[in-house]
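Here is the structure we will look at.
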Amino acid sequence: NAGVTQTPKFRVLKTGQSMTLLCAQDMNHEYMYWYRQDPGMGLRLIHYSVGEGTTAKGEVPDGYNVSRLKKQNFLLGLESAAPSQTSVYFCASSYGLPIDEQFFGPGTRLTVL
Amino acid sequence: AQKITQTQPGMFVQEKEAVTLDCTYDTSDQSYGLFWYKQPSSGEMIFLIYQGSYDEQNATEGRYSLNFQKARKSANLVISASQLGDSAMYFCAMRVLWNQGGKLIFGQGTELSVKP
């Protein structure tokens with residue numbers, strides 16, 4: 001039982017390059033989330049999904065796209081990276097009640113030069 | 001609007017002493033969950049403890065307890081018998097299911113340093 005895994009762990013991009021971050025969970029959770037964490041701040045929601053084939057925007061969605069073709073995977077894409085997207089990205093998953101803990105992946109540290 | 005406020009950017013505590021990390025929240029919803037997460041310098045988010053809005057008893061998990069005062073909208077984390085390994089960032093968070101898929105709303109965190 002691996003929990004929530006993220007690929008890659010680190011990445012350096014040049015401005016304008018694209019990349020995809022992969023999140024996978026093996027807990028059969030319906031809900032999945034992508035957050036970003038900037039220095040000295042808590043996490044902020046980028047996009048989320050409440051089930052396979054569904055996605056929706058969070059607080060800071062600009063510059064990102066997501067897809068959830070399979071229940072266990074949630075992909076975050078950057079089409080044209082900008083320095084403002086330098087951050088640590090966390091994926092999380094959970095069942096669907098307020099009492100349910102969100103399980104976090106280890107994070108991806110992205111630097112855009 | 002939902003909001004979490006952590007007013008202590010940094011805290012120091014002597015090893016083996018107890019420490020309280022403050023958290024206040026704002027929501028008009030009746031059903032919500034309150035969480036504390038620990039983030040060590042290695043960066044991962046570690047779940048510590050949960051309190052439901054309808055729970056009448058304060059939550060406890062080992063050395064962690066949550067002092068839940070609903071009328072004051074506070075959910076302070078108490079760590080008893082601090083250890084050096086407790087040095088980390090601590091985040092208070094709230095979850096309301098109808099809000100953006102039940103996202104977690106985080107405070108800005110408190111950095112705890114445990115002194116030997």
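Scheme for the structure tokens: letters A, B, ... for chains in order shown; per-chain residue numbers from 1; ligand numbers from 1 in order shown.
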
Selection: 12 Å around Tyr35 in chain A, only C-alpha atoms, excl. self and same-chain fewer than 3 positions, as a PyMOL selection string: (chain A and resi 21+23+32+38+41-48+57-61+64+76+85+87-93+102+104-108) or (chain B and resi 45+103-106)

Exercise: Arg72 in chain B partners within 12 Å, only C-alpha atoms, chain neighbours under 5 positions left out, as a list in words: Cys23, Thr24, Tyr25, Asp26, Thr27 and Asn67 of chain B

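Within 8 Å of chain A, and using only C-alpha atoms, the residues found on chain B are Ser31, Tyr32, Gly33, Phe35, Gly43, Glu44, Met45, Ile46, Phe47, Tyr50, Gln51, Gly52, Phe91, Arg95, Val96, Leu97, Gln100, Gly101, Gly102, Lys103, Leu104, Ile105, Phe106, Gly107, Gln108 and Gly109 of chain B.
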
Shell of 10 Å around range 77-84 of chain A, only C-alpha atoms, local chain residues under 6 positions omitted, as a PyMOL selection string: chain A and resi 13-22+38+62-67+110-113

Separation of CA of Gly10 in chain B from CA of Gln6 in chain A in Å: 29.7 Å

Straight-line distance linking CA of Thr7 in chain B with CA of Ser65 in chain B, stated in Å to one decimal: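 About the pair CA of Thr7 in chain B and CA of Ser65 in chain B: they are 18.9 Å apart.
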
Between CA of Phe12 in chain B and CA of Ala93 in chain B - distance in Å to one decimal: 21.5 Å

Surrounding residues of Asn58 in chain B excluding itself and chain neighbours under 6 positions, 12 Å, only C-alpha atoms, as a list of chain:residue names: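 In the requested format, the answer is B:Leu34, B:Ile49, B:Tyr50, B:Gln51, B:Gly52, B:Tyr64, B:Ser65, B:Leu66, B:Asn67, B:Phe68, B:Gln69, B:Lys70, B:Ser74, B:Ala75, B:Asn76, B:Leu77, B:Val78.
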
Output N, CA and C atoms of each residue in that selection to a file, as a PDB file, in the first residue's frame.
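Listing of part_1.pdb after writing:
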ATOM      1  N   LEU B  34     -11.785  20.001  11.415  1.00  0.00           N
ATOM      2  CA  LEU B  34     -10.574  20.769  11.724  1.00  0.00           C
ATOM      3  C   LEU B  34      -9.410  19.799  11.850  1.00  0.00           C
ATOM      4  N   ILE B  49      -3.994  15.186  13.840  1.00  0.00           N
ATOM      5  CA  ILE B  49      -5.187  15.050  14.657  1.00  0.00           C
ATOM      6  C   ILE B  49      -6.355  15.733  13.965  1.00  0.00           C
ATOM      7  N   TYR B  50      -7.554  15.237  14.265  1.00  0.00           N
ATOM      8  CA  TYR B  50      -8.768  15.742  13.644  1.00  0.00           C
ATOM      9  C   TYR B  50      -9.841  16.005  14.714  1.00  0.00           C
ATOM     10  N   GLN B  51     -10.643  17.049  14.473  1.00  0.00           N
ATOM     11  CA  GLN B  51     -11.788  17.359  15.324  1.00  0.00           C
ATOM     12  C   GLN B  51     -12.990  17.674  14.443  1.00  0.00           C
ATOM     13  N   GLY B  52     -14.083  17.006  14.648  1.00  0.00           N
ATOM     14  CA  GLY B  52     -15.297  17.289  13.911  1.00  0.00           C
ATOM     15  C   GLY B  52     -16.124  18.350  14.618  1.00  0.00           C
ATOM     16  N   TYR B  64      -0.594  14.442  21.323  1.00  0.00           N
ATOM     17  CA  TYR B  64      -1.306  15.569  20.726  1.00  0.00           C
ATOM     18  C   TYR B  64      -2.746  15.607  21.248  1.00  0.00           C
ATOM     19  N   SER B  65      -3.203  16.793  21.562  1.00  0.00           N
ATOM     20  CA  SER B  65      -4.611  16.980  21.865  1.00  0.00           C
ATOM     21  C   SER B  65      -5.074  18.281  21.237  1.00  0.00           C
ATOM     22  N   LEU B  66      -6.343  18.322  20.930  1.00  0.00           N
ATOM     23  CA  LEU B  66      -6.912  19.491  20.283  1.00  0.00           C
ATOM     24  C   LEU B  66      -7.888  20.127  21.257  1.00  0.00           C
ATOM     25  N   ASN B  67      -7.629  21.359  21.622  1.00  0.00           N
ATOM     26  CA  ASN B  67      -8.487  22.102  22.534  1.00  0.00           C
ATOM     27  C   ASN B  67      -9.528  22.843  21.694  1.00  0.00           C
ATOM     28  N   PHE B  68     -10.702  22.236  21.584  1.00  0.00           N
ATOM     29  CA  PHE B  68     -11.753  22.731  20.695  1.00  0.00           C
ATOM     30  C   PHE B  68     -12.745  23.559  21.498  1.00  0.00           C
ATOM     31  N   GLN B  69     -12.822  24.854  21.155  1.00  0.00           N
ATOM     32  CA  GLN B  69     -13.795  25.730  21.789  1.00  0.00           C
ATOM     33  C   GLN B  69     -14.667  26.317  20.692  1.00  0.00           C
ATOM     34  N   LYS B  70     -15.812  25.676  20.490  1.00  0.00           N
ATOM     35  CA  LYS B  70     -16.655  25.985  19.340  1.00  0.00           C
ATOM     36  C   LYS B  70     -17.186  27.410  19.391  1.00  0.00           C
ATOM     37  N   SER B  74     -12.164  28.333  18.112  1.00  0.00           N
ATOM     38  CA  SER B  74     -10.731  28.063  18.218  1.00  0.00           C
ATOM     39  C   SER B  74     -10.473  26.555  18.281  1.00  0.00           C
ATOM     40  N   ALA B  75      -9.329  26.148  17.782  1.00  0.00           N
ATOM     41  CA  ALA B  75      -8.958  24.729  17.705  1.00  0.00           C
ATOM     42  C   ALA B  75      -7.458  24.620  17.948  1.00  0.00           C
ATOM     43  N   ASN B  76      -7.051  24.890  19.155  1.00  0.00           N
ATOM     44  CA  ASN B  76      -5.623  24.931  19.469  1.00  0.00           C
ATOM     45  C   ASN B  76      -5.031  23.539  19.613  1.00  0.00           C
ATOM     46  N   LEU B  77      -3.823  23.378  19.152  1.00  0.00           N
ATOM     47  CA  LEU B  77      -3.105  22.106  19.277  1.00  0.00           C
ATOM     48  C   LEU B  77      -2.211  22.161  20.511  1.00  0.00           C
ATOM     49  N   VAL B  78      -2.316  21.154  21.344  1.00  0.00           N
ATOM     50  CA  VAL B  78      -1.461  21.040  22.516  1.00  0.00           C
ATOM     51  C   VAL B  78      -0.543  19.842  22.322  1.00  0.00           C
TER      52      VAL B  78
END

Sel. of strand (DSSP E or B) residues, chain A, as JSON, numbers by chain: {"A": [4, 5, 6, 7, 10, 11, 12, 13, 19, 20, 21, 22, 23, 24, 25, 31, 32, 33, 34, 35, 36, 37, 43, 44, 45, 46, 47, 48, 49, 56, 57, 64, 65, 66, 67, 73, 74, 75, 76, 77, 78, 87, 88, 89, 90, 91, 92, 93, 94, 103, 104, 108, 109, 110, 111, 112]}

Shell of 8 Å around range 82-88 of chain B, only C-alpha atoms, local chain residues under 5 positions omitted, as a PyMOL selection string: chain B and resi 13-19+38-41+111-116

Next, the residues of the selection above should be written as a short mmCIF file (atom, residue, chain, number, x, y, z; two decimals), in the first residue's frame with N, CA and C atoms.
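Here's the written file part.cif:
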data_model
loop_
_atom_site.label_atom_id
_atom_site.label_comp_id
_atom_site.auth_asym_id
_atom_site.auth_seq_id
_atom_site.Cartn_x
_atom_site.Cartn_y
_atom_site.Cartn_z
N VAL B 13 10.01 26.13 22.55
CA VAL B 13 9.62 25.39 23.75
C VAL B 13 10.82 24.57 24.20
N GLN B 14 10.92 24.42 25.50
CA GLN B 14 11.98 23.59 26.06
C GLN B 14 11.57 22.12 25.95
N GLU B 15 12.55 21.29 25.64
CA GLU B 15 12.29 19.85 25.57
C GLU B 15 11.60 19.39 26.85
N LYS B 16 10.63 18.50 26.69
CA LYS B 16 9.85 17.88 27.75
C LYS B 16 8.73 18.76 28.30
N GLU B 17 8.68 20.02 27.85
CA GLU B 17 7.58 20.87 28.28
C GLU B 17 6.41 20.77 27.30
N ALA B 18 5.25 21.26 27.73
CA ALA B 18 4.08 21.29 26.86
C ALA B 18 4.03 22.63 26.12
N VAL B 19 3.40 22.62 24.95
CA VAL B 19 3.27 23.85 24.16
C VAL B 19 1.89 23.86 23.49
N LYS B 38 1.62 18.40 10.41
CA LYS B 38 3.01 18.73 10.70
C LYS B 38 3.81 18.65 9.42
N GLN B 39 4.67 19.65 9.20
CA GLN B 39 5.54 19.62 8.03
C GLN B 39 6.99 19.78 8.50
N PRO B 40 7.73 18.69 8.61
CA PRO B 40 9.15 18.80 8.99
C PRO B 40 9.96 19.41 7.86
N SER B 41 11.22 19.61 8.12
CA SER B 41 12.09 20.25 7.12
C SER B 41 12.21 19.41 5.84
N GLU B 111 5.94 27.91 13.11
CA GLU B 111 7.19 27.16 13.16
C GLU B 111 7.58 26.92 14.62
N LEU B 112 7.61 25.67 15.00
CA LEU B 112 7.94 25.29 16.37
C LEU B 112 9.39 24.83 16.44
N SER B 113 10.11 25.39 17.39
CA SER B 113 11.49 24.96 17.64
C SER B 113 11.56 24.43 19.07
N VAL B 114 12.05 23.22 19.21
CA VAL B 114 12.20 22.60 20.52
C VAL B 114 13.66 22.68 20.93
N LYS B 115 13.91 23.28 22.08
CA LYS B 115 15.28 23.47 22.57
C LYS B 115 15.67 22.34 23.52
N PRO B 116 16.90 21.84 23.38
CA PRO B 116 17.34 20.77 24.31
C PRO B 116 17.65 21.33 25.70
#
